[in-house]
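Engineer: Below you'll find entry.txt; it's compact mmCIF, N, CA and C atoms.
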# COMPACT_ATOMS: atom_id res chain seq x y z
N MET A 135 -24.27 -30.68 -16.20
CA MET A 135 -23.62 -31.10 -14.99
C MET A 135 -22.27 -30.38 -14.90
N THR A 136 -21.90 -30.04 -13.70
CA THR A 136 -20.61 -29.39 -13.48
C THR A 136 -19.56 -30.42 -13.06
N LEU A 137 -18.33 -30.01 -13.12
CA LEU A 137 -17.23 -30.87 -12.69
C LEU A 137 -17.39 -31.25 -11.22
N GLY A 138 -17.74 -30.29 -10.38
CA GLY A 138 -17.96 -30.57 -8.96
C GLY A 138 -19.09 -31.55 -8.73
N GLU A 139 -20.18 -31.41 -9.49
CA GLU A 139 -21.30 -32.34 -9.35
C GLU A 139 -20.89 -33.76 -9.76
N LEU A 140 -20.10 -33.86 -10.82
CA LEU A 140 -19.63 -35.17 -11.26
C LEU A 140 -18.76 -35.82 -10.19
N ILE A 141 -17.87 -35.05 -9.64
CA ILE A 141 -16.98 -35.59 -8.60
C ILE A 141 -17.79 -36.07 -7.41
N ARG A 142 -18.73 -35.25 -6.95
CA ARG A 142 -19.56 -35.64 -5.80
C ARG A 142 -20.42 -36.87 -6.11
N ALA A 143 -20.91 -36.97 -7.35
CA ALA A 143 -21.74 -38.12 -7.73
C ALA A 143 -20.90 -39.40 -7.83
N TYR A 144 -19.64 -39.26 -8.17
CA TYR A 144 -18.79 -40.44 -8.35
C TYR A 144 -18.20 -40.95 -7.04
N ARG A 145 -18.00 -40.10 -6.09
CA ARG A 145 -17.35 -40.52 -4.83
C ARG A 145 -18.01 -41.72 -4.17
N PRO A 146 -19.34 -41.80 -4.08
CA PRO A 146 -19.93 -42.99 -3.45
C PRO A 146 -19.57 -44.30 -4.16
N HIS A 147 -19.25 -44.25 -5.45
CA HIS A 147 -18.87 -45.45 -6.20
C HIS A 147 -17.48 -45.93 -5.81
N LEU A 148 -16.75 -45.11 -5.09
CA LEU A 148 -15.41 -45.48 -4.64
C LEU A 148 -15.41 -46.11 -3.26
N ASP A 149 -16.56 -46.16 -2.61
CA ASP A 149 -16.64 -46.67 -1.24
C ASP A 149 -16.10 -48.10 -1.09
N ASP A 150 -16.31 -48.93 -2.11
CA ASP A 150 -15.86 -50.32 -2.03
C ASP A 150 -14.48 -50.53 -2.65
N ALA A 151 -13.89 -49.47 -3.14
CA ALA A 151 -12.56 -49.58 -3.76
C ALA A 151 -11.48 -49.64 -2.69
N SER A 152 -10.32 -50.07 -3.08
CA SER A 152 -9.21 -50.13 -2.13
C SER A 152 -8.79 -48.73 -1.72
N VAL A 153 -8.08 -48.64 -0.64
CA VAL A 153 -7.59 -47.36 -0.15
C VAL A 153 -6.73 -46.68 -1.23
N GLY A 154 -5.91 -47.45 -1.90
CA GLY A 154 -5.05 -46.90 -2.94
C GLY A 154 -5.83 -46.31 -4.10
N VAL A 155 -6.88 -47.00 -4.51
CA VAL A 155 -7.72 -46.50 -5.61
C VAL A 155 -8.43 -45.22 -5.18
N ARG A 156 -9.00 -45.22 -3.98
CA ARG A 156 -9.69 -44.01 -3.49
C ARG A 156 -8.71 -42.84 -3.39
N ARG A 157 -7.54 -43.09 -2.86
CA ARG A 157 -6.53 -42.03 -2.72
C ARG A 157 -6.11 -41.50 -4.09
N SER A 158 -5.95 -42.40 -5.04
CA SER A 158 -5.56 -42.00 -6.38
C SER A 158 -6.63 -41.11 -7.02
N TRP A 159 -7.89 -41.49 -6.87
CA TRP A 159 -8.97 -40.67 -7.41
C TRP A 159 -9.02 -39.31 -6.72
N GLU A 160 -8.85 -39.27 -5.42
CA GLU A 160 -8.88 -37.99 -4.71
C GLU A 160 -7.74 -37.08 -5.17
N GLU A 161 -6.58 -37.66 -5.42
CA GLU A 161 -5.47 -36.87 -5.96
C GLU A 161 -5.82 -36.35 -7.36
N THR A 162 -6.47 -37.20 -8.14
CA THR A 162 -6.92 -36.79 -9.47
C THR A 162 -7.87 -35.61 -9.38
N PHE A 163 -8.84 -35.71 -8.47
CA PHE A 163 -9.81 -34.63 -8.31
C PHE A 163 -9.12 -33.34 -7.86
N ARG A 164 -8.24 -33.43 -6.86
CA ARG A 164 -7.55 -32.24 -6.35
C ARG A 164 -6.73 -31.55 -7.44
N TYR A 165 -5.98 -32.34 -8.19
CA TYR A 165 -5.16 -31.76 -9.24
C TYR A 165 -6.03 -31.06 -10.28
N THR A 166 -7.10 -31.70 -10.68
CA THR A 166 -7.99 -31.14 -11.69
C THR A 166 -8.62 -29.85 -11.20
N LEU A 167 -9.04 -29.82 -9.94
CA LEU A 167 -9.70 -28.63 -9.40
C LEU A 167 -8.74 -27.46 -9.22
N ARG A 168 -7.44 -27.70 -9.32
CA ARG A 168 -6.48 -26.60 -9.33
C ARG A 168 -6.51 -25.87 -10.66
N HIS A 169 -6.96 -26.57 -11.70
CA HIS A 169 -6.96 -26.01 -13.05
C HIS A 169 -8.36 -25.63 -13.54
N TYR A 170 -9.35 -26.29 -13.01
CA TYR A 170 -10.74 -26.02 -13.40
C TYR A 170 -11.59 -25.92 -12.13
N PRO A 171 -12.34 -24.83 -11.98
CA PRO A 171 -13.19 -24.71 -10.79
C PRO A 171 -14.33 -25.74 -10.81
N GLU A 172 -14.84 -26.03 -9.65
CA GLU A 172 -15.94 -27.00 -9.52
C GLU A 172 -17.14 -26.63 -10.38
N ARG A 173 -17.35 -25.37 -10.60
CA ARG A 173 -18.54 -24.91 -11.35
C ARG A 173 -18.38 -25.07 -12.87
N THR A 174 -17.23 -25.57 -13.32
CA THR A 174 -16.99 -25.76 -14.75
C THR A 174 -17.99 -26.77 -15.31
N GLN A 175 -18.69 -26.38 -16.35
CA GLN A 175 -19.60 -27.30 -17.03
C GLN A 175 -18.77 -28.37 -17.73
N LEU A 176 -19.28 -29.60 -17.75
CA LEU A 176 -18.50 -30.70 -18.32
C LEU A 176 -18.14 -30.45 -19.78
N GLU A 177 -19.01 -29.78 -20.52
CA GLU A 177 -18.69 -29.51 -21.92
C GLU A 177 -17.54 -28.50 -22.07
N ASP A 178 -17.23 -27.78 -20.98
CA ASP A 178 -16.12 -26.82 -20.99
C ASP A 178 -14.84 -27.40 -20.38
N PHE A 179 -14.90 -28.61 -19.90
CA PHE A 179 -13.77 -29.29 -19.28
C PHE A 179 -12.94 -29.90 -20.40
N ASP A 180 -11.82 -29.28 -20.73
CA ASP A 180 -11.00 -29.67 -21.87
C ASP A 180 -9.83 -30.53 -21.40
N LEU A 181 -9.94 -31.82 -21.64
CA LEU A 181 -8.90 -32.76 -21.20
C LEU A 181 -7.61 -32.58 -21.97
N ASP A 182 -7.69 -32.14 -23.21
CA ASP A 182 -6.47 -31.92 -23.98
C ASP A 182 -5.66 -30.77 -23.37
N VAL A 183 -6.35 -29.71 -22.97
CA VAL A 183 -5.67 -28.58 -22.34
C VAL A 183 -5.09 -29.01 -20.99
N LEU A 184 -5.85 -29.78 -20.23
CA LEU A 184 -5.35 -30.26 -18.94
C LEU A 184 -4.10 -31.12 -19.15
N GLY A 185 -4.14 -32.00 -20.14
CA GLY A 185 -2.98 -32.83 -20.44
C GLY A 185 -1.77 -31.99 -20.84
N GLU A 186 -1.99 -30.94 -21.62
CA GLU A 186 -0.90 -30.05 -22.02
C GLU A 186 -0.32 -29.33 -20.81
N ARG A 187 -1.17 -28.91 -19.91
CA ARG A 187 -0.69 -28.24 -18.70
C ARG A 187 0.14 -29.19 -17.85
N MET A 188 -0.30 -30.42 -17.75
CA MET A 188 0.44 -31.40 -16.97
C MET A 188 1.81 -31.66 -17.59
N ALA A 189 1.84 -31.81 -18.91
CA ALA A 189 3.10 -32.05 -19.61
C ALA A 189 4.03 -30.85 -19.45
N ALA A 190 3.47 -29.64 -19.54
CA ALA A 190 4.28 -28.43 -19.38
C ALA A 190 4.85 -28.32 -17.97
N ALA A 191 4.16 -28.93 -17.01
CA ALA A 191 4.64 -28.91 -15.62
C ALA A 191 5.71 -29.99 -15.39
N GLY A 192 6.04 -30.73 -16.45
CA GLY A 192 7.10 -31.73 -16.33
C GLY A 192 6.62 -33.11 -15.90
N ILE A 193 5.31 -33.33 -15.92
CA ILE A 193 4.78 -34.63 -15.54
C ILE A 193 4.98 -35.60 -16.71
N GLN A 194 5.41 -36.80 -16.40
CA GLN A 194 5.74 -37.79 -17.43
C GLN A 194 4.54 -38.11 -18.31
N LYS A 195 4.80 -38.31 -19.61
CA LYS A 195 3.75 -38.56 -20.59
C LYS A 195 2.89 -39.76 -20.22
N GLN A 196 3.49 -40.82 -19.72
CA GLN A 196 2.73 -42.01 -19.35
C GLN A 196 1.70 -41.68 -18.26
N PHE A 197 2.11 -40.89 -17.28
CA PHE A 197 1.19 -40.50 -16.21
C PHE A 197 0.10 -39.60 -16.76
N VAL A 198 0.47 -38.64 -17.60
CA VAL A 198 -0.51 -37.71 -18.19
C VAL A 198 -1.55 -38.50 -18.99
N ASP A 199 -1.09 -39.43 -19.82
CA ASP A 199 -2.00 -40.23 -20.64
C ASP A 199 -2.97 -41.03 -19.77
N GLY A 200 -2.46 -41.63 -18.71
CA GLY A 200 -3.32 -42.39 -17.80
C GLY A 200 -4.34 -41.51 -17.11
N TYR A 201 -3.92 -40.35 -16.71
CA TYR A 201 -4.78 -39.39 -16.03
C TYR A 201 -5.91 -38.94 -16.96
N VAL A 202 -5.54 -38.59 -18.17
CA VAL A 202 -6.54 -38.13 -19.15
C VAL A 202 -7.50 -39.26 -19.49
N ASN A 203 -6.99 -40.47 -19.67
CA ASN A 203 -7.87 -41.61 -19.97
C ASN A 203 -8.82 -41.90 -18.82
N ARG A 204 -8.34 -41.76 -17.60
CA ARG A 204 -9.19 -41.97 -16.43
C ARG A 204 -10.37 -40.99 -16.46
N TRP A 205 -10.08 -39.73 -16.76
CA TRP A 205 -11.14 -38.73 -16.85
C TRP A 205 -12.09 -39.03 -18.01
N ARG A 206 -11.56 -39.46 -19.15
CA ARG A 206 -12.42 -39.77 -20.30
C ARG A 206 -13.44 -40.86 -19.92
N GLU A 207 -12.97 -41.87 -19.22
CA GLU A 207 -13.87 -42.96 -18.80
C GLU A 207 -14.93 -42.44 -17.82
N LEU A 208 -14.54 -41.59 -16.91
CA LEU A 208 -15.49 -41.04 -15.94
C LEU A 208 -16.50 -40.15 -16.65
N LEU A 209 -16.07 -39.36 -17.61
CA LEU A 209 -16.99 -38.49 -18.34
C LEU A 209 -18.02 -39.30 -19.11
N LYS A 210 -17.64 -40.47 -19.59
CA LYS A 210 -18.60 -41.35 -20.28
C LYS A 210 -19.71 -41.81 -19.35
N LEU A 211 -19.37 -41.93 -18.06
CA LEU A 211 -20.36 -42.39 -17.06
C LEU A 211 -21.23 -41.27 -16.52
N ALA A 212 -20.90 -40.03 -16.83
CA ALA A 212 -21.54 -38.88 -16.20
C ALA A 212 -23.07 -38.94 -16.29
N SER A 213 -23.60 -39.31 -17.42
CA SER A 213 -25.06 -39.34 -17.57
C SER A 213 -25.72 -40.44 -16.76
N GLN A 214 -24.94 -41.41 -16.30
CA GLN A 214 -25.49 -42.52 -15.53
C GLN A 214 -25.39 -42.29 -14.02
N LEU A 215 -24.67 -41.28 -13.62
CA LEU A 215 -24.47 -41.05 -12.18
C LEU A 215 -25.57 -40.19 -11.60
How does the structure come out when it is put into structure tokens?

Structural biologist:
Amino acid sequence: MTLGELIRAYRPHLDDASVGVRRSWEETFRYTLRHYPERTQLEDFDLDVLGERMAAAGIQKQFVDGYVNRWRELLKLASQL
């Protein structure tokens, strides 16, 4: 599965979420796709590298940790989507 396929498969699960949650996930997807193309295979999607890039860009550690954890949880669901 690619990163783009995972994102498209997960979006319908956000339909019942609040506007804030949906917006937050969309921001997460947009930021990630700036660093990894949609065609990236999930096994090549390196969250540690993404977290390092975010930290190097001056993003606060607490936000980076939350962002990376959010992706880890979504990746666990990938086989079920």

Engineer: Counting only C-alpha atoms, which of A:Tyr201, A:Thr174, A:Ala143, A:Gly154 gets nearest to A:Glu186?

Structural biologist: A:Tyr201

Engineer: How many Å separate atom CA of A:Glu160 from atom CA of A:Leu176?

Structural biologist: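 A separation of 18.2 Å between them.
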
Engineer: Go through chain A and collect every residue that DSSP, computed from the backbone, puts in alpha helix (DSSP H); the answer should be as a PDB file with N, CA and C atoms, in the coordinates of the input.

Structural biologist:
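What follows is the written file out.pdb:
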ATOM      1  N   LEU A 137     -18.330 -30.010 -13.120  1.00  0.00           N
ATOM      2  CA  LEU A 137     -17.230 -30.870 -12.690  1.00  0.00           C
ATOM      3  C   LEU A 137     -17.390 -31.250 -11.220  1.00  0.00           C
ATOM      4  N   GLY A 138     -17.740 -30.290 -10.380  1.00  0.00           N
ATOM      5  CA  GLY A 138     -17.960 -30.570  -8.960  1.00  0.00           C
ATOM      6  C   GLY A 138     -19.090 -31.550  -8.730  1.00  0.00           C
ATOM      7  N   GLU A 139     -20.180 -31.410  -9.490  1.00  0.00           N
ATOM      8  CA  GLU A 139     -21.300 -32.340  -9.350  1.00  0.00           C
ATOM      9  C   GLU A 139     -20.890 -33.760  -9.760  1.00  0.00           C
ATOM     10  N   LEU A 140     -20.100 -33.860 -10.820  1.00  0.00           N
ATOM     11  CA  LEU A 140     -19.630 -35.170 -11.260  1.00  0.00           C
ATOM     12  C   LEU A 140     -18.760 -35.820 -10.190  1.00  0.00           C
ATOM     13  N   ILE A 141     -17.870 -35.050  -9.640  1.00  0.00           N
ATOM     14  CA  ILE A 141     -16.980 -35.590  -8.600  1.00  0.00           C
ATOM     15  C   ILE A 141     -17.790 -36.070  -7.410  1.00  0.00           C
ATOM     16  N   ARG A 142     -18.730 -35.250  -6.950  1.00  0.00           N
ATOM     17  CA  ARG A 142     -19.560 -35.640  -5.800  1.00  0.00           C
ATOM     18  C   ARG A 142     -20.420 -36.870  -6.110  1.00  0.00           C
ATOM     19  N   ALA A 143     -20.910 -36.970  -7.350  1.00  0.00           N
ATOM     20  CA  ALA A 143     -21.740 -38.120  -7.730  1.00  0.00           C
ATOM     21  C   ALA A 143     -20.900 -39.400  -7.830  1.00  0.00           C
ATOM     22  N   TYR A 144     -19.640 -39.260  -8.170  1.00  0.00           N
ATOM     23  CA  TYR A 144     -18.790 -40.440  -8.350  1.00  0.00           C
ATOM     24  C   TYR A 144     -18.200 -40.950  -7.040  1.00  0.00           C
ATOM     25  N   VAL A 153      -8.080 -48.640  -0.640  1.00  0.00           N
ATOM     26  CA  VAL A 153      -7.590 -47.360  -0.150  1.00  0.00           C
ATOM     27  C   VAL A 153      -6.730 -46.680  -1.230  1.00  0.00           C
ATOM     28  N   GLY A 154      -5.910 -47.450  -1.900  1.00  0.00           N
ATOM     29  CA  GLY A 154      -5.050 -46.900  -2.940  1.00  0.00           C
ATOM     30  C   GLY A 154      -5.830 -46.310  -4.100  1.00  0.00           C
ATOM     31  N   VAL A 155      -6.880 -47.000  -4.510  1.00  0.00           N
ATOM     32  CA  VAL A 155      -7.720 -46.500  -5.610  1.00  0.00           C
ATOM     33  C   VAL A 155      -8.430 -45.220  -5.180  1.00  0.00           C
ATOM     34  N   ARG A 156      -9.000 -45.220  -3.980  1.00  0.00           N
ATOM     35  CA  ARG A 156      -9.690 -44.010  -3.490  1.00  0.00           C
ATOM     36  C   ARG A 156      -8.710 -42.840  -3.390  1.00  0.00           C
ATOM     37  N   ARG A 157      -7.540 -43.090  -2.860  1.00  0.00           N
ATOM     38  CA  ARG A 157      -6.530 -42.030  -2.720  1.00  0.00           C
ATOM     39  C   ARG A 157      -6.110 -41.500  -4.090  1.00  0.00           C
ATOM     40  N   SER A 158      -5.950 -42.400  -5.040  1.00  0.00           N
ATOM     41  CA  SER A 158      -5.560 -42.000  -6.380  1.00  0.00           C
ATOM     42  C   SER A 158      -6.630 -41.110  -7.020  1.00  0.00           C
ATOM     43  N   TRP A 159      -7.890 -41.490  -6.870  1.00  0.00           N
ATOM     44  CA  TRP A 159      -8.970 -40.670  -7.410  1.00  0.00           C
ATOM     45  C   TRP A 159      -9.020 -39.310  -6.720  1.00  0.00           C
ATOM     46  N   GLU A 160      -8.850 -39.270  -5.420  1.00  0.00           N
ATOM     47  CA  GLU A 160      -8.880 -37.990  -4.710  1.00  0.00           C
ATOM     48  C   GLU A 160      -7.740 -37.080  -5.170  1.00  0.00           C
ATOM     49  N   GLU A 161      -6.580 -37.660  -5.420  1.00  0.00           N
ATOM     50  CA  GLU A 161      -5.470 -36.870  -5.960  1.00  0.00           C
ATOM     51  C   GLU A 161      -5.820 -36.350  -7.360  1.00  0.00           C
ATOM     52  N   THR A 162      -6.470 -37.200  -8.140  1.00  0.00           N
ATOM     53  CA  THR A 162      -6.920 -36.790  -9.470  1.00  0.00           C
ATOM     54  C   THR A 162      -7.870 -35.610  -9.380  1.00  0.00           C
ATOM     55  N   PHE A 163      -8.840 -35.710  -8.470  1.00  0.00           N
ATOM     56  CA  PHE A 163      -9.810 -34.630  -8.310  1.00  0.00           C
ATOM     57  C   PHE A 163      -9.120 -33.340  -7.860  1.00  0.00           C
ATOM     58  N   ARG A 164      -8.240 -33.430  -6.860  1.00  0.00           N
ATOM     59  CA  ARG A 164      -7.550 -32.240  -6.350  1.00  0.00           C
ATOM     60  C   ARG A 164      -6.730 -31.550  -7.440  1.00  0.00           C
ATOM     61  N   TYR A 165      -5.980 -32.340  -8.190  1.00  0.00           N
ATOM     62  CA  TYR A 165      -5.160 -31.760  -9.240  1.00  0.00           C
ATOM     63  C   TYR A 165      -6.030 -31.060 -10.280  1.00  0.00           C
ATOM     64  N   THR A 166      -7.100 -31.700 -10.680  1.00  0.00           N
ATOM     65  CA  THR A 166      -7.990 -31.140 -11.690  1.00  0.00           C
ATOM     66  C   THR A 166      -8.620 -29.850 -11.200  1.00  0.00           C
ATOM     67  N   LEU A 167      -9.040 -29.820  -9.940  1.00  0.00           N
ATOM     68  CA  LEU A 167      -9.700 -28.630  -9.400  1.00  0.00           C
ATOM     69  C   LEU A 167      -8.740 -27.460  -9.220  1.00  0.00           C
ATOM     70  N   ARG A 168      -7.440 -27.700  -9.320  1.00  0.00           N
ATOM     71  CA  ARG A 168      -6.480 -26.600  -9.330  1.00  0.00           C
ATOM     72  C   ARG A 168      -6.510 -25.870 -10.660  1.00  0.00           C
ATOM     73  N   HIS A 169      -6.960 -26.570 -11.700  1.00  0.00           N
ATOM     74  CA  HIS A 169      -6.960 -26.010 -13.050  1.00  0.00           C
ATOM     75  C   HIS A 169      -8.360 -25.630 -13.540  1.00  0.00           C
ATOM     76  N   LEU A 181      -9.940 -31.820 -21.640  1.00  0.00           N
ATOM     77  CA  LEU A 181      -8.900 -32.760 -21.200  1.00  0.00           C
ATOM     78  C   LEU A 181      -7.610 -32.580 -21.970  1.00  0.00           C
ATOM     79  N   ASP A 182      -7.690 -32.140 -23.210  1.00  0.00           N
ATOM     80  CA  ASP A 182      -6.470 -31.920 -23.980  1.00  0.00           C
ATOM     81  C   ASP A 182      -5.660 -30.770 -23.370  1.00  0.00           C
ATOM     82  N   VAL A 183      -6.350 -29.710 -22.970  1.00  0.00           N
ATOM     83  CA  VAL A 183      -5.670 -28.580 -22.340  1.00  0.00           C
ATOM     84  C   VAL A 183      -5.090 -29.010 -20.990  1.00  0.00           C
ATOM     85  N   LEU A 184      -5.850 -29.780 -20.230  1.00  0.00           N
ATOM     86  CA  LEU A 184      -5.350 -30.260 -18.940  1.00  0.00           C
ATOM     87  C   LEU A 184      -4.100 -31.120 -19.150  1.00  0.00           C
ATOM     88  N   GLY A 185      -4.140 -32.000 -20.140  1.00  0.00           N
ATOM     89  CA  GLY A 185      -2.980 -32.830 -20.440  1.00  0.00           C
ATOM     90  C   GLY A 185      -1.770 -31.990 -20.840  1.00  0.00           C
ATOM     91  N   GLU A 186      -1.990 -30.940 -21.620  1.00  0.00           N
ATOM     92  CA  GLU A 186      -0.900 -30.050 -22.020  1.00  0.00           C
ATOM     93  C   GLU A 186      -0.320 -29.330 -20.810  1.00  0.00           C
ATOM     94  N   ARG A 187      -1.170 -28.910 -19.910  1.00  0.00           N
ATOM     95  CA  ARG A 187      -0.690 -28.240 -18.700  1.00  0.00           C
ATOM     96  C   ARG A 187       0.140 -29.190 -17.850  1.00  0.00           C
ATOM     97  N   MET A 188      -0.300 -30.420 -17.750  1.00  0.00           N
ATOM     98  CA  MET A 188       0.440 -31.400 -16.970  1.00  0.00           C
ATOM     99  C   MET A 188       1.810 -31.660 -17.590  1.00  0.00           C
ATOM    100  N   ALA A 189       1.840 -31.810 -18.910  1.00  0.00           N
ATOM    101  CA  ALA A 189       3.100 -32.050 -19.610  1.00  0.00           C
ATOM    102  C   ALA A 189       4.030 -30.850 -19.450  1.00  0.00           C
ATOM    103  N   ALA A 190       3.470 -29.640 -19.540  1.00  0.00           N
ATOM    104  CA  ALA A 190       4.280 -28.430 -19.380  1.00  0.00           C
ATOM    105  C   ALA A 190       4.850 -28.320 -17.970  1.00  0.00           C
ATOM    106  N   LYS A 195       4.800 -38.310 -19.610  1.00  0.00           N
ATOM    107  CA  LYS A 195       3.750 -38.560 -20.590  1.00  0.00           C
ATOM    108  C   LYS A 195       2.890 -39.760 -20.220  1.00  0.00           C
ATOM    109  N   GLN A 196       3.490 -40.820 -19.720  1.00  0.00           N
ATOM    110  CA  GLN A 196       2.730 -42.010 -19.350  1.00  0.00           C
ATOM    111  C   GLN A 196       1.700 -41.680 -18.260  1.00  0.00           C
ATOM    112  N   PHE A 197       2.110 -40.890 -17.280  1.00  0.00           N
ATOM    113  CA  PHE A 197       1.190 -40.500 -16.210  1.00  0.00           C
ATOM    114  C   PHE A 197       0.100 -39.600 -16.760  1.00  0.00           C
ATOM    115  N   VAL A 198       0.470 -38.640 -17.600  1.00  0.00           N
ATOM    116  CA  VAL A 198      -0.510 -37.710 -18.190  1.00  0.00           C
ATOM    117  C   VAL A 198      -1.550 -38.500 -18.990  1.00  0.00           C
ATOM    118  N   ASP A 199      -1.090 -39.430 -19.820  1.00  0.00           N
ATOM    119  CA  ASP A 199      -2.000 -40.230 -20.640  1.00  0.00           C
ATOM    120  C   ASP A 199      -2.970 -41.030 -19.770  1.00  0.00           C
ATOM    121  N   GLY A 200      -2.460 -41.630 -18.710  1.00  0.00           N
ATOM    122  CA  GLY A 200      -3.320 -42.390 -17.800  1.00  0.00           C
ATOM    123  C   GLY A 200      -4.340 -41.510 -17.110  1.00  0.00           C
ATOM    124  N   TYR A 201      -3.920 -40.350 -16.710  1.00  0.00           N
ATOM    125  CA  TYR A 201      -4.780 -39.390 -16.030  1.00  0.00           C
ATOM    126  C   TYR A 201      -5.910 -38.940 -16.960  1.00  0.00           C
ATOM    127  N   VAL A 202      -5.540 -38.590 -18.170  1.00  0.00           N
ATOM    128  CA  VAL A 202      -6.540 -38.130 -19.150  1.00  0.00           C
ATOM    129  C   VAL A 202      -7.500 -39.260 -19.490  1.00  0.00           C
ATOM    130  N   ASN A 203      -6.990 -40.470 -19.670  1.00  0.00           N
ATOM    131  CA  ASN A 203      -7.870 -41.610 -19.970  1.00  0.00           C
ATOM    132  C   ASN A 203      -8.820 -41.900 -18.820  1.00  0.00           C
ATOM    133  N   ARG A 204      -8.340 -41.760 -17.600  1.00  0.00           N
ATOM    134  CA  ARG A 204      -9.190 -41.970 -16.430  1.00  0.00           C
ATOM    135  C   ARG A 204     -10.370 -40.990 -16.460  1.00  0.00           C
ATOM    136  N   TRP A 205     -10.080 -39.730 -16.760  1.00  0.00           N
ATOM    137  CA  TRP A 205     -11.140 -38.730 -16.850  1.00  0.00           C
ATOM    138  C   TRP A 205     -12.090 -39.030 -18.010  1.00  0.00           C
ATOM    139  N   ARG A 206     -11.560 -39.460 -19.150  1.00  0.00           N
ATOM    140  CA  ARG A 206     -12.420 -39.770 -20.300  1.00  0.00           C
ATOM    141  C   ARG A 206     -13.440 -40.860 -19.920  1.00  0.00           C
ATOM    142  N   GLU A 207     -12.970 -41.870 -19.220  1.00  0.00           N
ATOM    143  CA  GLU A 207     -13.870 -42.960 -18.800  1.00  0.00           C
ATOM    144  C   GLU A 207     -14.930 -42.440 -17.820  1.00  0.00           C
ATOM    145  N   LEU A 208     -14.540 -41.590 -16.910  1.00  0.00           N
ATOM    146  CA  LEU A 208     -15.490 -41.040 -15.940  1.00  0.00           C
ATOM    147  C   LEU A 208     -16.500 -40.150 -16.650  1.00  0.00           C
ATOM    148  N   LEU A 209     -16.070 -39.360 -17.610  1.00  0.00           N
ATOM    149  CA  LEU A 209     -16.990 -38.490 -18.340  1.00  0.00           C
ATOM    150  C   LEU A 209     -18.020 -39.300 -19.110  1.00  0.00           C
ATOM    151  N   LYS A 210     -17.640 -40.470 -19.590  1.00  0.00           N
ATOM    152  CA  LYS A 210     -18.600 -41.350 -20.280  1.00  0.00           C
ATOM    153  C   LYS A 210     -19.710 -41.810 -19.350  1.00  0.00           C
ATOM    154  N   LEU A 211     -19.370 -41.930 -18.060  1.00  0.00           N
ATOM    155  CA  LEU A 211     -20.360 -42.390 -17.060  1.00  0.00           C
ATOM    156  C   LEU A 211     -21.230 -41.270 -16.520  1.00  0.00           C
TER     157      LEU A 211
END

Engineer: Which one of A:Gln175, A:Met135, A:Ile193, A:Tyr144 sits closest to A:Arg156 if you count only C-alpha atoms?

Structural biologist: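 Of A:Gln175, A:Met135, A:Ile193, A:Tyr144, the one nearest A:Arg156 is A:Tyr144, counting only C-alpha atoms.
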
Engineer: Taking into account only C-alpha atoms, which residue in the set A:Val202, A:Lys195, A:Pro171, A:Val153 is nearest to A:Val183?

Structural biologist: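 Of all the options, A:Val202 lies closest to A:Val183.
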
Engineer: Within 6 Å of (-1.9, -35.5, -16.9) (coordinates as in the file), grab all the protein and nucleic acid residues, counting all atoms listed in the file, and write them out as an mmCIF file with N, CA and C atoms, keeping the file's coordinate frame.

Structural biologist:
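As written to disk, result_4.cif reads:
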data_model
loop_
_atom_site.group_PDB
_atom_site.id
_atom_site.type_symbol
_atom_site.label_atom_id
_atom_site.label_comp_id
_atom_site.auth_asym_id
_atom_site.auth_seq_id
_atom_site.Cartn_x
_atom_site.Cartn_y
_atom_site.Cartn_z
ATOM 1 N N LEU A 184 -5.850 -29.780 -20.230
ATOM 2 C CA LEU A 184 -5.350 -30.260 -18.940
ATOM 3 C C LEU A 184 -4.100 -31.120 -19.150
ATOM 4 N N GLY A 185 -4.140 -32.000 -20.140
ATOM 5 C CA GLY A 185 -2.980 -32.830 -20.440
ATOM 6 C C GLY A 185 -1.770 -31.990 -20.840
ATOM 7 N N MET A 188 -0.300 -30.420 -17.750
ATOM 8 C CA MET A 188 0.440 -31.400 -16.970
ATOM 9 C C MET A 188 1.810 -31.660 -17.590
ATOM 10 N N ALA A 189 1.840 -31.810 -18.910
ATOM 11 C CA ALA A 189 3.100 -32.050 -19.610
ATOM 12 C C ALA A 189 4.030 -30.850 -19.450
ATOM 13 N N PHE A 197 2.110 -40.890 -17.280
ATOM 14 C CA PHE A 197 1.190 -40.500 -16.210
ATOM 15 C C PHE A 197 0.100 -39.600 -16.760
ATOM 16 N N VAL A 198 0.470 -38.640 -17.600
ATOM 17 C CA VAL A 198 -0.510 -37.710 -18.190
ATOM 18 C C VAL A 198 -1.550 -38.500 -18.990
ATOM 19 N N ASP A 199 -1.090 -39.430 -19.820
ATOM 20 C CA ASP A 199 -2.000 -40.230 -20.640
ATOM 21 C C ASP A 199 -2.970 -41.030 -19.770
ATOM 22 N N TYR A 201 -3.920 -40.350 -16.710
ATOM 23 C CA TYR A 201 -4.780 -39.390 -16.030
ATOM 24 C C TYR A 201 -5.910 -38.940 -16.960
ATOM 25 N N VAL A 202 -5.540 -38.590 -18.170
ATOM 26 C CA VAL A 202 -6.540 -38.130 -19.150
ATOM 27 C C VAL A 202 -7.500 -39.260 -19.490
#

Engineer: Figure out the distance between atom N of A:Asp150 and atom CA of A:His169, please, to one decimal in Å.

Structural biologist: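 About the pair atom CA of A:His169 and atom N of A:Asp150: they are 27.1 Å apart.
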
Engineer: Tell me, in Å to one decimal, how far atom CA of A:Asp149 is from atom N of A:Gln214.

Structural biologist: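 Separation between atom CA of A:Asp149 and atom N of A:Gln214: 18.0 Å.
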
Engineer: Could you list, as number ranges by chain, every residue within 10 Å of A:Phe163, counting only C-alpha atoms and ignoring same-chain residues fewer than 2 positions away?

Structural biologist: A: 137-138, 141, 157-161, 165-168, 172, 205

Engineer: With distances taken over only C-alpha atoms, which residue among A:Gly192, A:Arg187, A:Asn203, A:Leu215 lies nearest A:His147?

Structural biologist: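 Comparing A:Gly192, A:Arg187, A:Asn203, A:Leu215 against A:His147, the winner is A:Leu215.
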
Engineer: With only N, CA and C atoms as the atoms that count, which of A:Ala212, A:Thr162, A:Arg173, A:Ala151 lies nearest to A:Thr136?

Structural biologist: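 The shortest atom-to-atom distance to A:Thr136 comes from A:Arg173.
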